[in-house]
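Structure file structure-v4.txt; described as compact mmCIF, C-alpha atoms and all ligand atoms.
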# COMPACT_ATOMS: atom_id res chain seq x y z
CA MET A 396 -27.03 10.24 -2.46
CA GLN A 397 -27.70 13.80 -3.52
CA GLN A 398 -24.21 14.75 -2.49
CA GLU A 399 -22.79 11.95 -4.60
CA ARG A 400 -24.64 13.13 -7.68
CA TYR A 401 -23.36 16.64 -7.10
CA GLU A 402 -19.78 15.40 -6.95
CA ARG A 403 -20.07 13.45 -10.16
CA ALA A 404 -21.48 16.50 -11.92
CA ASP A 405 -18.67 18.59 -10.54
CA GLN A 406 -16.08 16.20 -11.86
CA LEU A 407 -17.69 16.12 -15.27
CA ASN A 408 -17.63 19.90 -15.44
CA GLU A 409 -14.01 19.83 -14.49
CA ASP A 410 -13.28 17.39 -17.29
CA GLN A 411 -15.18 19.35 -19.85
CA ARG A 412 -13.50 22.59 -19.01
CA PRO A 413 -11.89 23.64 -22.28
CA GLU A 414 -8.56 24.89 -20.94
CA LYS A 415 -6.89 21.82 -19.54
CA THR A 416 -3.48 23.20 -20.43
CA SER A 417 -0.88 23.89 -17.82
CA GLU A 418 -1.05 27.63 -18.51
CA THR A 419 -4.30 27.70 -16.56
CA GLU A 420 -3.33 27.65 -12.93
CA ALA A 421 -5.45 24.89 -11.43
CA GLN A 422 -6.86 25.61 -8.00
CA LEU A 423 -7.58 23.38 -5.05
CA ASP A 424 -11.35 23.22 -4.88
CA PRO A 425 -12.27 24.40 -1.34
CA GLN A 426 -15.44 22.31 -1.33
CA ARG A 427 -13.56 19.15 -2.37
CA GLN A 428 -10.91 19.92 0.24
CA GLN A 429 -13.60 20.18 2.89
CA GLN A 430 -14.84 16.73 1.84
CA ALA A 431 -11.26 15.42 1.70
CA ARG A 432 -10.65 16.45 5.31
CA GLU A 433 -13.91 14.82 6.38
CA TYR A 434 -13.13 11.65 4.45
CA ALA A 435 -9.60 11.39 5.87
CA ARG A 436 -10.88 12.02 9.41
CA ILE A 437 -13.52 9.31 9.13
CA ARG A 438 -10.98 6.87 7.70
CA ARG A 439 -8.54 7.55 10.54
CA ARG A 440 -11.27 6.94 13.08
CA LEU A 441 -12.23 3.68 11.39
CA TRP A 442 -8.57 2.64 11.38
CA LEU A 443 -8.39 3.29 15.13
CA LEU A 444 -11.62 1.38 15.64
CA GLY A 445 -10.20 -1.61 13.75
CA LEU A 446 -7.10 -1.45 15.90
CA ALA A 447 -9.20 -1.29 19.05
CA ILE A 448 -11.22 -4.35 17.96
CA ALA A 449 -8.03 -6.36 17.35
CA ALA A 450 -6.51 -5.21 20.67
CA ALA A 451 -9.70 -6.04 22.58
CA GLY A 452 -9.74 -9.47 20.92
CA LEU A 453 -6.18 -10.19 22.06
CA VAL A 454 -6.88 -8.97 25.61
CA ILE A 455 -9.94 -11.24 25.85
CA LEU A 456 -7.91 -14.13 24.43
CA PHE A 457 -5.13 -13.75 27.01
CA LEU A 458 -7.38 -12.80 29.94
CA PHE A 459 -9.64 -15.85 29.65
CA ARG A 460 -6.79 -18.05 28.39
CA LEU A 461 -8.75 -18.77 25.25
CA ASP A 462 -5.35 -19.15 23.57
CA LEU A 463 -4.80 -22.42 25.50
CA TRP A 464 -8.46 -23.43 25.24
CA LEU A 465 -8.42 -23.21 21.44
CA ARG A 466 -5.22 -25.29 21.26
CA ASP A 467 -6.80 -28.03 23.40
CA LEU A 468 -9.99 -27.86 21.33
CA LEU A 469 -7.92 -28.49 18.19
CA GLN A 470 -6.05 -31.40 19.79
CA PRO A 471 -7.54 -33.86 17.23
CA LEU A 472 -5.49 -32.03 14.59
CA ALA A 473 -2.24 -32.52 16.51
CA TRP A 474 -0.55 -34.62 13.85
CA GLN A 475 3.27 -34.48 14.00
CA PRO A 476 5.19 -35.17 10.79
CA LEU A 477 8.28 -33.94 12.70
CA ALA A 478 8.81 -33.93 16.46
CA GLY A 479 7.20 -30.78 17.86
CA TRP A 480 5.73 -29.53 14.57
CA TYR A 481 1.90 -29.53 14.33
CA PRO A 482 1.11 -28.15 10.85
CA LEU A 483 -2.62 -29.02 10.89
CA GLN A 484 -3.20 -27.68 14.38
CA VAL A 485 -1.36 -24.46 13.48
CA ALA A 486 -3.46 -24.08 10.33
CA GLY A 487 -6.71 -24.72 12.23
CA TYR A 488 -5.70 -22.30 14.99
CA PHE A 489 -4.85 -19.58 12.49
CA LEU A 490 -8.06 -20.05 10.49
CA VAL A 491 -10.30 -19.96 13.59
CA LEU A 492 -8.64 -16.76 14.84
CA LEU A 493 -8.72 -15.10 11.42
CA LEU A 494 -12.31 -16.09 10.70
CA THR A 495 -13.45 -14.79 14.09
CA TYR A 496 -11.67 -11.49 13.53
CA GLU A 497 -13.07 -11.13 10.00
CA LEU A 498 -16.60 -11.87 11.20
CA VAL A 499 -16.44 -9.45 14.13
CA SER A 500 -14.98 -6.68 11.97
CA ALA A 501 -17.14 -7.43 8.89
CA PRO A 502 -19.42 -4.40 9.39
CA LEU A 503 -16.35 -2.19 9.69
CA THR A 504 -14.81 -3.72 6.56
CA LEU A 505 -18.02 -3.18 4.61
CA TYR A 506 -18.35 0.40 5.79
CA ARG A 507 -14.71 1.35 5.20
CA GLY A 508 -14.23 -0.50 1.93
CA TYR A 509 -17.59 -0.14 0.22
CA ILE A 510 -20.12 2.23 1.77
CA LEU A 511 -17.79 5.15 2.57
CA PRO A 512 -15.92 5.37 -0.78
CA ARG A 513 -19.24 5.14 -2.61
CA ARG A 514 -20.75 7.85 -0.49
CA TYR A 515 -17.84 10.13 -1.35
CA GLY A 516 -18.05 9.26 -5.04
CA LEU A 517 -14.67 7.52 -5.15
CA SER A 518 -15.87 3.98 -5.79
CA VAL A 519 -18.10 2.92 -8.66
CA GLN A 520 -18.04 -0.82 -7.88
CA THR A 521 -21.16 -2.86 -7.35
CA LEU A 522 -21.45 -4.73 -4.06
CA ALA A 523 -20.95 -8.05 -5.87
CA ALA A 524 -17.77 -6.87 -7.59
CA TRP A 525 -16.45 -5.41 -4.33
CA LEU A 526 -17.17 -8.66 -2.45
CA SER A 527 -15.44 -10.66 -5.16
CA ASP A 528 -12.31 -8.47 -4.86
CA LEU A 529 -12.45 -8.75 -1.08
CA GLY A 530 -12.70 -12.54 -1.29
CA LYS A 531 -9.78 -12.81 -3.70
CA GLY A 532 -7.66 -10.53 -1.53
CA LEU A 533 -8.49 -12.49 1.61
CA LEU A 534 -7.75 -15.82 -0.02
CA LEU A 535 -4.42 -14.56 -1.28
CA SER A 536 -3.38 -13.23 2.12
CA VAL A 537 -4.55 -16.41 3.90
CA ILE A 538 -2.37 -18.52 1.59
CA LEU A 539 0.71 -16.31 2.06
CA GLU A 540 0.29 -15.85 5.82
CA LEU A 541 -0.39 -19.52 6.40
CA ALA A 542 2.72 -20.49 4.42
CA ALA A 543 4.79 -18.07 6.52
CA LEU A 544 3.31 -19.41 9.77
CA GLU A 545 3.94 -23.05 8.87
CA LEU A 546 7.55 -22.17 8.12
CA ILE A 547 7.86 -20.27 11.40
CA TYR A 548 6.50 -23.19 13.44
CA LEU A 549 8.57 -25.75 11.55
CA LEU A 550 11.74 -23.83 12.35
CA LEU A 551 10.62 -23.05 15.92
CA ALA A 552 10.38 -26.82 16.44
CA THR A 553 13.67 -27.69 14.76
CA GLN A 554 15.92 -24.60 15.15
CA PRO A 555 14.74 -22.96 18.38
CA LEU A 556 17.72 -20.58 18.62
CA THR A 557 18.26 -19.42 15.02
CA TRP A 558 14.76 -19.87 13.53
CA TRP A 559 14.15 -16.12 13.23
CA LEU A 560 17.22 -15.66 11.04
CA TRP A 561 16.20 -18.47 8.66
CA VAL A 562 12.63 -17.23 8.46
CA ALA A 563 13.85 -13.72 7.63
CA LEU A 564 16.07 -15.09 4.86
CA VAL A 565 13.31 -17.22 3.34
CA MET A 566 10.90 -14.27 3.54
CA LEU A 567 13.44 -12.02 1.82
CA PHE A 568 13.73 -14.56 -0.97
CA PHE A 569 9.95 -14.79 -1.33
CA SER A 570 9.44 -11.03 -1.26
CA VAL A 571 11.80 -10.79 -4.24
CA VAL A 572 9.91 -13.60 -6.00
CA LEU A 573 6.56 -11.98 -5.20
CA ALA A 574 7.72 -8.58 -6.40
CA ASN A 575 8.62 -10.29 -9.67
CA LEU A 576 5.33 -12.12 -9.95
CA ALA A 577 2.96 -9.42 -8.69
CA PRO A 578 2.49 -7.57 -12.01
CA VAL A 579 2.03 -10.75 -14.03
CA LEU A 580 0.19 -13.08 -11.64
CA ILE A 581 -1.39 -11.19 -8.75
CA LEU A 582 -2.52 -7.77 -9.95
CA PRO A 583 -4.22 -9.16 -13.09
CA LEU A 584 -6.59 -10.93 -10.66
CA PHE A 585 -7.93 -7.48 -9.82
CA TYR A 586 -7.28 -5.28 -12.86
CA ARG A 587 -6.96 -5.61 -16.61
CA PHE A 588 -3.67 -4.37 -18.06
CA THR A 589 -2.94 -3.36 -21.64
CA PRO A 590 0.31 -2.00 -23.07
CA LEU A 591 0.33 1.77 -23.57
CA PRO A 592 -0.41 2.22 -27.27
CA ASP A 593 2.16 3.82 -29.55
CA GLY A 594 1.67 7.53 -29.75
CA GLU A 595 2.77 10.84 -28.37
CA LEU A 596 2.91 9.73 -24.73
CA LYS A 597 4.94 6.66 -25.45
CA THR A 598 7.35 8.70 -27.56
CA ARG A 599 7.71 11.23 -24.77
CA LEU A 600 8.35 8.52 -22.20
CA LEU A 601 10.93 6.80 -24.37
CA ALA A 602 12.64 10.16 -24.85
CA LEU A 603 12.69 10.68 -21.06
CA ALA A 604 14.05 7.18 -20.51
CA GLU A 605 16.65 7.72 -23.20
CA ARG A 606 17.85 10.85 -21.44
CA ALA A 607 18.06 8.86 -18.20
CA ARG A 608 19.94 6.12 -20.09
CA THR A 609 17.46 3.63 -18.63
CA ARG A 610 15.72 0.86 -20.47
CA VAL A 611 12.05 0.88 -19.54
CA ARG A 612 10.72 -2.65 -19.57
CA GLY A 613 7.19 -1.66 -20.42
CA VAL A 614 4.43 0.86 -19.86
CA PHE A 615 0.95 -0.45 -19.17
CA THR A 616 -2.48 1.03 -18.76
CA MET A 617 -4.29 -0.29 -15.71
CA HIS A 618 -8.04 -0.35 -16.31
CA MET A 619 -9.29 0.90 -12.97
CA SER A 620 -12.13 3.18 -14.06
CA SER A 621 -14.64 0.34 -13.64
CA LYS A 622 -13.80 0.36 -9.92
CA THR A 623 -12.79 3.85 -8.91
CA THR A 624 -12.91 7.47 -9.96
CA ALA A 625 -9.47 8.08 -8.42
CA ALA A 626 -6.37 8.37 -10.60
CA ASN A 627 -3.09 6.61 -9.93
CA ALA A 628 0.21 5.46 -11.38
CA ALA A 629 2.95 3.18 -10.09
CA LEU A 630 6.20 1.39 -10.72
CA MET A 631 5.71 -2.36 -10.32
CA GLY A 632 7.74 -5.51 -10.61
CA LEU A 633 11.40 -6.38 -10.71
CA GLY A 634 13.73 -7.59 -13.41
CA ASN A 635 11.85 -8.52 -16.54
CA THR A 636 8.47 -7.72 -15.00
CA ARG A 637 9.54 -4.18 -14.02
CA ARG A 638 7.05 -1.79 -15.55
CA ILE A 639 5.41 1.59 -15.27
CA VAL A 640 1.67 1.37 -14.78
CA ILE A 641 -0.73 4.26 -15.43
CA GLY A 642 -4.39 4.19 -14.47
CA ASP A 643 -6.83 4.77 -17.32
CA THR A 644 -8.45 7.29 -14.96
CA LEU A 645 -5.27 9.33 -15.31
CA LEU A 646 -4.67 8.77 -19.02
CA ASN A 647 -8.17 9.83 -20.00
CA GLN A 648 -8.42 13.02 -18.02
CA TYR A 649 -5.05 14.74 -17.91
CA THR A 650 -3.11 16.81 -20.43
CA PRO A 651 -0.10 15.24 -22.19
CA ASP A 652 2.22 17.54 -20.20
CA GLU A 653 0.66 16.45 -16.93
CA ILE A 654 0.90 12.77 -17.86
CA GLU A 655 4.50 13.25 -18.94
CA VAL A 656 5.29 14.58 -15.46
CA VAL A 657 3.62 11.51 -13.92
CA LEU A 658 5.62 9.23 -16.21
CA ALA A 659 8.79 11.07 -15.27
CA HIS A 660 7.98 10.60 -11.57
CA GLU A 661 7.55 6.85 -12.09
CA LEU A 662 10.69 6.75 -14.21
CA GLY A 663 12.43 8.40 -11.23
CA HIS A 664 11.43 5.45 -9.01
CA HIS A 665 12.74 3.17 -11.76
CA VAL A 666 16.10 4.97 -12.03
CA HIS A 667 16.51 5.15 -8.24
CA GLY A 668 15.83 1.41 -7.80
CA ASP A 669 13.12 2.19 -5.26
CA ILE A 670 11.53 -1.27 -5.28
CA TRP A 671 14.82 -2.72 -4.07
CA LYS A 672 15.02 -0.07 -1.35
CA LEU A 673 11.49 -0.90 -0.22
CA ILE A 674 12.23 -4.64 -0.16
CA ALA A 675 15.42 -3.99 1.82
CA SER A 676 13.73 -1.78 4.42
CA GLN A 677 10.75 -4.16 4.68
CA SER A 678 13.16 -7.08 5.22
CA LEU A 679 15.00 -5.26 8.00
CA LEU A 680 11.66 -4.58 9.66
CA THR A 681 10.71 -8.27 9.34
CA LEU A 682 14.04 -9.30 10.83
CA LEU A 683 13.51 -6.95 13.78
CA ALA A 684 9.97 -8.23 14.35
CA LEU A 685 11.08 -11.87 14.19
CA TYR A 686 13.93 -11.25 16.61
CA LEU A 687 11.57 -9.59 19.11
CA ILE A 688 9.13 -12.49 18.68
CA ASN A 689 12.05 -14.81 19.44
CA LEU A 690 12.83 -12.95 22.68
CA THR A 691 9.15 -12.92 23.66
CA LEU A 692 8.65 -16.64 23.02
CA HIS A 693 11.82 -17.60 24.91
CA GLY A 694 10.63 -15.45 27.81
CA LEU A 695 6.93 -16.31 27.90
CA ALA A 696 6.25 -19.64 26.15
CA THR A 697 6.90 -21.60 29.32
CA PRO A 698 5.01 -24.47 31.03
CA GLN A 699 4.33 -22.14 34.00
CA LEU A 700 2.21 -20.00 31.67
CA GLY A 701 0.51 -23.04 30.15
CA TYR A 702 2.48 -23.33 26.90
CA HIS A 703 3.98 -26.64 25.77
CA GLY A 704 7.03 -24.94 24.28
CA LEU A 705 8.08 -22.48 21.59
CA ALA A 706 6.30 -24.33 18.77
CA ASP A 707 3.02 -24.69 20.69
CA PRO A 708 0.27 -23.44 18.33
CA ALA A 709 -1.13 -21.53 21.32
CA THR A 710 1.77 -19.07 20.97
CA LEU A 711 0.19 -17.72 17.78
CA PRO A 712 -1.58 -14.81 19.53
CA LEU A 713 1.76 -13.84 21.12
CA ILE A 714 3.35 -13.78 17.66
CA ALA A 715 0.44 -11.69 16.34
CA LEU A 716 0.71 -9.27 19.27
CA VAL A 717 4.45 -8.66 18.91
CA SER A 718 4.34 -8.28 15.13
CA ALA A 719 1.41 -5.86 15.41
CA ILE A 720 3.26 -3.74 17.97
CA VAL A 721 6.46 -3.70 15.87
CA GLY A 722 4.42 -2.86 12.77
CA LEU A 723 2.66 0.01 14.53
CA ILE A 724 5.84 1.47 15.99
CA CYS A 725 7.68 1.21 12.67
CA MET A 726 4.81 2.55 10.56
CA PRO A 727 5.92 6.21 10.88
CA LEU A 728 9.49 5.15 10.05
CA GLY A 729 8.39 3.26 6.94
CA ASN A 730 6.23 6.20 5.90
CA ALA A 731 9.17 8.59 6.38
CA VAL A 732 11.33 6.42 4.10
CA SER A 733 8.53 6.33 1.54
CA ARG A 734 7.97 10.10 1.69
CA TYR A 735 11.69 10.61 1.10
CA LEU A 736 11.67 8.31 -1.96
CA GLU A 737 8.58 10.10 -3.28
CA TYR A 738 10.26 13.49 -2.81
CA GLN A 739 13.25 12.22 -4.77
CA ALA A 740 10.99 10.95 -7.57
CA ASP A 741 9.26 14.35 -7.69
CA GLU A 742 12.63 16.07 -7.88
CA TYR A 743 13.58 13.72 -10.71
CA ALA A 744 10.34 14.49 -12.57
CA LEU A 745 10.89 18.23 -12.23
CA LEU A 746 14.53 18.03 -13.28
CA THR A 747 13.98 15.82 -16.32
CA THR A 748 10.86 17.56 -17.66
CA GLY A 749 11.40 21.08 -16.36
CA LYS A 750 7.59 21.34 -16.32
CA SER A 751 6.88 22.69 -12.87
CA GLU A 752 3.58 24.25 -13.97
CA ALA A 753 2.28 20.97 -15.35
CA PHE A 754 3.48 19.31 -12.15
CA ARG A 755 1.50 21.77 -10.06
CA SER A 756 -1.68 21.56 -12.11
CA MET A 757 -1.43 17.74 -12.09
CA MET A 758 -1.05 17.65 -8.29
CA THR A 759 -3.92 20.07 -7.79
CA ARG A 760 -6.23 18.13 -10.05
CA LEU A 761 -5.23 14.84 -8.41
CA ALA A 762 -6.07 16.27 -4.98
CA ASN A 763 -9.48 17.41 -6.24
CA GLN A 764 -10.17 14.12 -7.99
CA ASN A 765 -8.89 11.67 -5.38
CA LEU A 766 -10.16 13.61 -2.36
CA ALA A 767 -6.62 13.91 -1.04
CA GLU A 768 -6.23 16.09 2.02
CA ALA A 769 -3.83 18.75 0.71
CA GLU A 770 -2.66 20.04 4.06
CA PRO A 771 -2.97 17.41 6.81
CA ALA A 772 -1.97 18.21 10.38
CA PRO A 773 1.81 17.68 10.77
CA LEU A 774 1.35 14.73 13.13
CA VAL A 775 -1.14 13.10 10.76
CA GLU A 776 1.35 13.43 7.91
CA ILE A 777 4.18 11.94 9.99
CA LEU A 778 2.10 8.98 11.18
CA PHE A 779 -0.04 8.07 8.19
CA HIS A 780 1.17 9.56 4.90
CA ASP A 781 3.47 7.58 2.63
CA HIS A 782 3.64 10.49 0.17
CA PRO A 783 4.49 14.11 1.03
CA SER A 784 1.29 16.14 1.38
CA ILE A 785 -0.03 17.83 -1.76
CA LYS A 786 0.84 21.20 -0.22
CA ARG A 787 4.49 20.17 0.24
CA ARG A 788 4.64 18.75 -3.28
CA LEU A 789 3.24 22.02 -4.68
CA GLU A 790 5.79 23.97 -2.65
CA HIS A 791 8.52 21.68 -3.97
CA ALA A 792 7.51 22.53 -7.54
CA GLU A 793 7.39 26.25 -6.72
CA ALA A 794 10.85 26.11 -5.15
CA PHE A 795 12.07 24.25 -8.23
CA ALA A 796 10.59 26.93 -10.51
CA ARG A 797 12.40 29.60 -8.50
CA ARG A 798 15.69 27.69 -8.69
CA GLN A 799 15.11 27.25 -12.40
CA SER A 800 14.45 30.92 -13.08
CA GLY A 801 17.47 31.80 -10.93
CA SER A 802 19.75 29.95 -13.31
CA ASP A 803 17.40 30.69 -16.13
CA LEU A 804 17.77 29.82 -19.72
CA GLY A 805 14.07 30.42 -20.24
CA LEU A 806 13.64 27.16 -22.15
CA ALA A 807 12.44 24.56 -19.75
CA SER A 808 8.89 25.73 -19.13
CA ARG A 809 7.92 25.68 -22.79
ZN ZN B 1 5.84 7.77 -6.46

Translate the structure described by the file into structure tokens.
Ligand SMILES: [Zn+2]
Amino acid sequence: MQQERYERADQLNEDQRPEKTSETEAQLDPQRQQQAREYARIRRRLWLLGLAIAAAGLVILFLFRLDLWLRDLLQPLAWQPLAGWYPLQVAGYFLVLLLTYELVSAPLTLYRGYILPRRYGLSVQTLAAWLSDLGKGLLLSVILELAALELIYLLLATQPLTWWLWVALVMLFFSVVLANLAPVLILPLFYRFTPLPDGELKTRLLALAERARTRVRGVFTMHMSSKTTAANAALMGLGNTRRIVIGDTLLNQYTPDEIEVVLAHELGHHVHGDIWKLIASQSLLTLLALYLINLTLHGLATPQLGYHGLADPATLPLIALVSAIVGLICMPLGNAVSRYLEYQADEYALLTTGKSEAFRSMMTRLANQNLAEAEPAPLVEILFHDHPSIKRRLEHAEAFARRQSGSDLGLASR
């Protein structure tokens, strides 16, 4: 508790420091970095623990053939609207597995999501507000996952050879729909959004967008300060819902130059069409996972092993196992793609604003504020980081400044 109070005080002092301009070289706070390393290490251990719990659960399930036992237990739900498709039994099976997992890992969820971020001064939510967010998130993912599973089992029953291809196509369609709806239907469940008011920042952004010959569909403030002390910004949505979103935690505490650099970074994602690239790479990953599930089911879902066929609800743990393995193996790949897109957006921000000093002071202050580990071990960065490390991003800005002064006109840094 004492530590938490100290951190808050520290942040306040930081905010009240008179020179917030980019001429003052901001420094990584060694004490905050020490805490950031600790925080990241604890979170990695908790992640591993969560993984171990899930793995142990699957081993127990297969070892004691609880997968078959649960199917037989749910036999009363075995209603078949179509030959071989058991939508109620699948739903029951999924809910029992999910509920068991959530209950077993509840202490971990509470510690990772609520206790730890509060202890490190990152979360300011009450327990009730946190629980309400958790419940909403769970409900949303149950609905989406259940819909996907019902589709998978329907097609497993009716198109046993090509089901994976159809599922991938339908999922691609829905990921595009969801990307469209997320900023208008889903995220407002968790945060309040208001349009960025007219003023200097908006003018600067419009000038940046003008130079990029890109129409920005909207800039919104996300009111996140009631939940977290961390600052963030993002590009969200597709088509008419495509928008740049800036956390009020960022707007309130950074200089106009620093915020302009953040806006330029998000505009870079916008100009590069990064949401489409993410949807495309995610869809390829889904296709791969579904194909491997297909091979696994055709190999293992046999009567000799106790399964009634491909669309037997008891194959659900097999599906979970294969998709978890594919997800884990592809995580570093997905992160590498993301780090590359982030590097490109940084480059765009530096090129369009020319403000490498503001970029550096913004990054430094973000690391201090968000407890971001500035220099993670190389393996940690490769496995877990979807953004380049703060150290690399600072080096990027320094290299840019050198390039700039090499071909110098002496104008850009003003
Ligand atoms: Zn970004």

Select the residues contacting ligand ZN 1 (chain B) at a distance of at most 10 Å, based on all atoms listed in the file, then format the selection as a VMD selection string.
chain A and resid 627 to 630 657 to 665 669 733 to 741 781 to 783

Write the selection just made, keeping C-alpha atoms, as an mmCIF file, in the frame of the given file?
data_model
loop_
_atom_site.group_PDB
_atom_site.id
_atom_site.type_symbol
_atom_site.label_atom_id
_atom_site.label_comp_id
_atom_site.auth_asym_id
_atom_site.auth_seq_id
_atom_site.Cartn_x
_atom_site.Cartn_y
_atom_site.Cartn_z
ATOM 1 C CA ASN A 627 -3.090 6.610 -9.930
ATOM 2 C CA ALA A 628 0.210 5.460 -11.380
ATOM 3 C CA ALA A 629 2.950 3.180 -10.090
ATOM 4 C CA LEU A 630 6.200 1.390 -10.720
ATOM 5 C CA VAL A 657 3.620 11.510 -13.920
ATOM 6 C CA LEU A 658 5.620 9.230 -16.210
ATOM 7 C CA ALA A 659 8.790 11.070 -15.270
ATOM 8 C CA HIS A 660 7.980 10.600 -11.570
ATOM 9 C CA GLU A 661 7.550 6.850 -12.090
ATOM 10 C CA LEU A 662 10.690 6.750 -14.210
ATOM 11 C CA GLY A 663 12.430 8.400 -11.230
ATOM 12 C CA HIS A 664 11.430 5.450 -9.010
ATOM 13 C CA HIS A 665 12.740 3.170 -11.760
ATOM 14 C CA ASP A 669 13.120 2.190 -5.260
ATOM 15 C CA SER A 733 8.530 6.330 1.540
ATOM 16 C CA ARG A 734 7.970 10.100 1.690
ATOM 17 C CA TYR A 735 11.690 10.610 1.100
ATOM 18 C CA LEU A 736 11.670 8.310 -1.960
ATOM 19 C CA GLU A 737 8.580 10.100 -3.280
ATOM 20 C CA TYR A 738 10.260 13.490 -2.810
ATOM 21 C CA GLN A 739 13.250 12.220 -4.770
ATOM 22 C CA ALA A 740 10.990 10.950 -7.570
ATOM 23 C CA ASP A 741 9.260 14.350 -7.690
ATOM 24 C CA ASP A 781 3.470 7.580 2.630
ATOM 25 C CA HIS A 782 3.640 10.490 0.170
ATOM 26 C CA PRO A 783 4.490 14.110 1.030
#

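Going from CA of Phe457 in chain A to CA of Pro727 in chain A covers 27.9 Å.
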
Taking only residues of range 516-581 of chain A that have an atom at most 9 Å from an atom of range 471-490 of chain A, what is each one's shortest atom pair and its distance in Å to one decimal, using only C-alpha atoms, in chain and number order, as a Markdown table?
| residue | atom | partner | partner_atom | distance |
| --- | --- | --- | --- | --- |
| A:Val537 | CA | A:Leu490 | CA | 8.3 |
| A:Leu541 | CA | A:Ala486 | CA | 6.8 |
| A:Leu544 | CA | A:Val485 | CA | 7.8 |
| A:Glu545 | CA | A:Pro482 | CA | 6.2 |
| A:Tyr548 | CA | A:Trp480 | CA | 6.5 |
| A:Leu549 | CA | A:Trp480 | CA | 5.6 |
| A:Leu550 | CA | A:Trp480 | CA | 8.6 |
| A:Leu551 | CA | A:Trp480 | CA | 8.2 |
| A:Ala552 | CA | A:Gly479 | CA | 5.3 |
| A:Thr553 | CA | A:Gly479 | CA | 7.8 |

Selected residue, from A:Ala543, A:Leu468, A:Val732, A:Leu441, that lies nearest to Lys672 in chain A when counting all atoms listed in the file
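Of the candidates, the smallest distance to Lys672 in chain A is held by A:Val732.
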
Closest of A:Gln422, A:Gln554, A:Ser570, A:Thr644 to Ala675 in chain A - atom-to-atom distances counting all atoms listed in the file:
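Of A:Gln422, A:Gln554, A:Ser570, A:Thr644, the one nearest Ala675 in chain A is A:Ser570, counting all atoms listed in the file.
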
Residues at most 12 Å from Arg436 in chain A, counting only C-alpha atoms, excluding those fewer than 3 positions away in the same chain, as a VMD selection string?
chain A and resid 429 to 433 439 to 443 511 766 to 768 771 to 772 775 779

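Proximity to Arg608 in chain A was assessed for A:Asp424, A:Leu526, A:Thr747, A:Arg587 counting only C-alpha atoms; the smallest distance is recorded for A:Thr747.
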
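Across the model, the gap from CA of Arg638 in chain A to CA of Ala577 in chain A is 11.0 Å.
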
With a distance cut-off of 12 Å and all atoms listed in the file, select the neighbouring residues of Ile510 in chain A, excluding the residue or stretch itself and same-chain residues fewer than 2 positions from it, and output the selection as a list in words.
Met396, Glu399, Arg438, Pro502, Leu503, Thr504, Leu505, Tyr506, Arg507, Gly508, Pro512, Arg513, Arg514, Tyr515, Gly516, Leu517, Ser518, Val519, Gln520, Thr521, Leu522 and Trp525 of chain A

Could you pull out every residue with an atom within 10 Å of (4.1, -15.6, 20.7), file coordinates, counting only C-alpha atoms, and send them as JSON, numbers by chain?
{"A": [687, 688, 689, 690, 691, 692, 693, 694, 695, 696, 705, 706, 707, 708, 709, 710, 711, 712, 713, 714, 715, 716, 717, 718]}

Mind giving me the straight-line distance from CA of Ile777 in chain A to CA of Leu728 in chain A in Å, one decimal?
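Rounded to one decimal, the two atoms are 8.6 Å apart.
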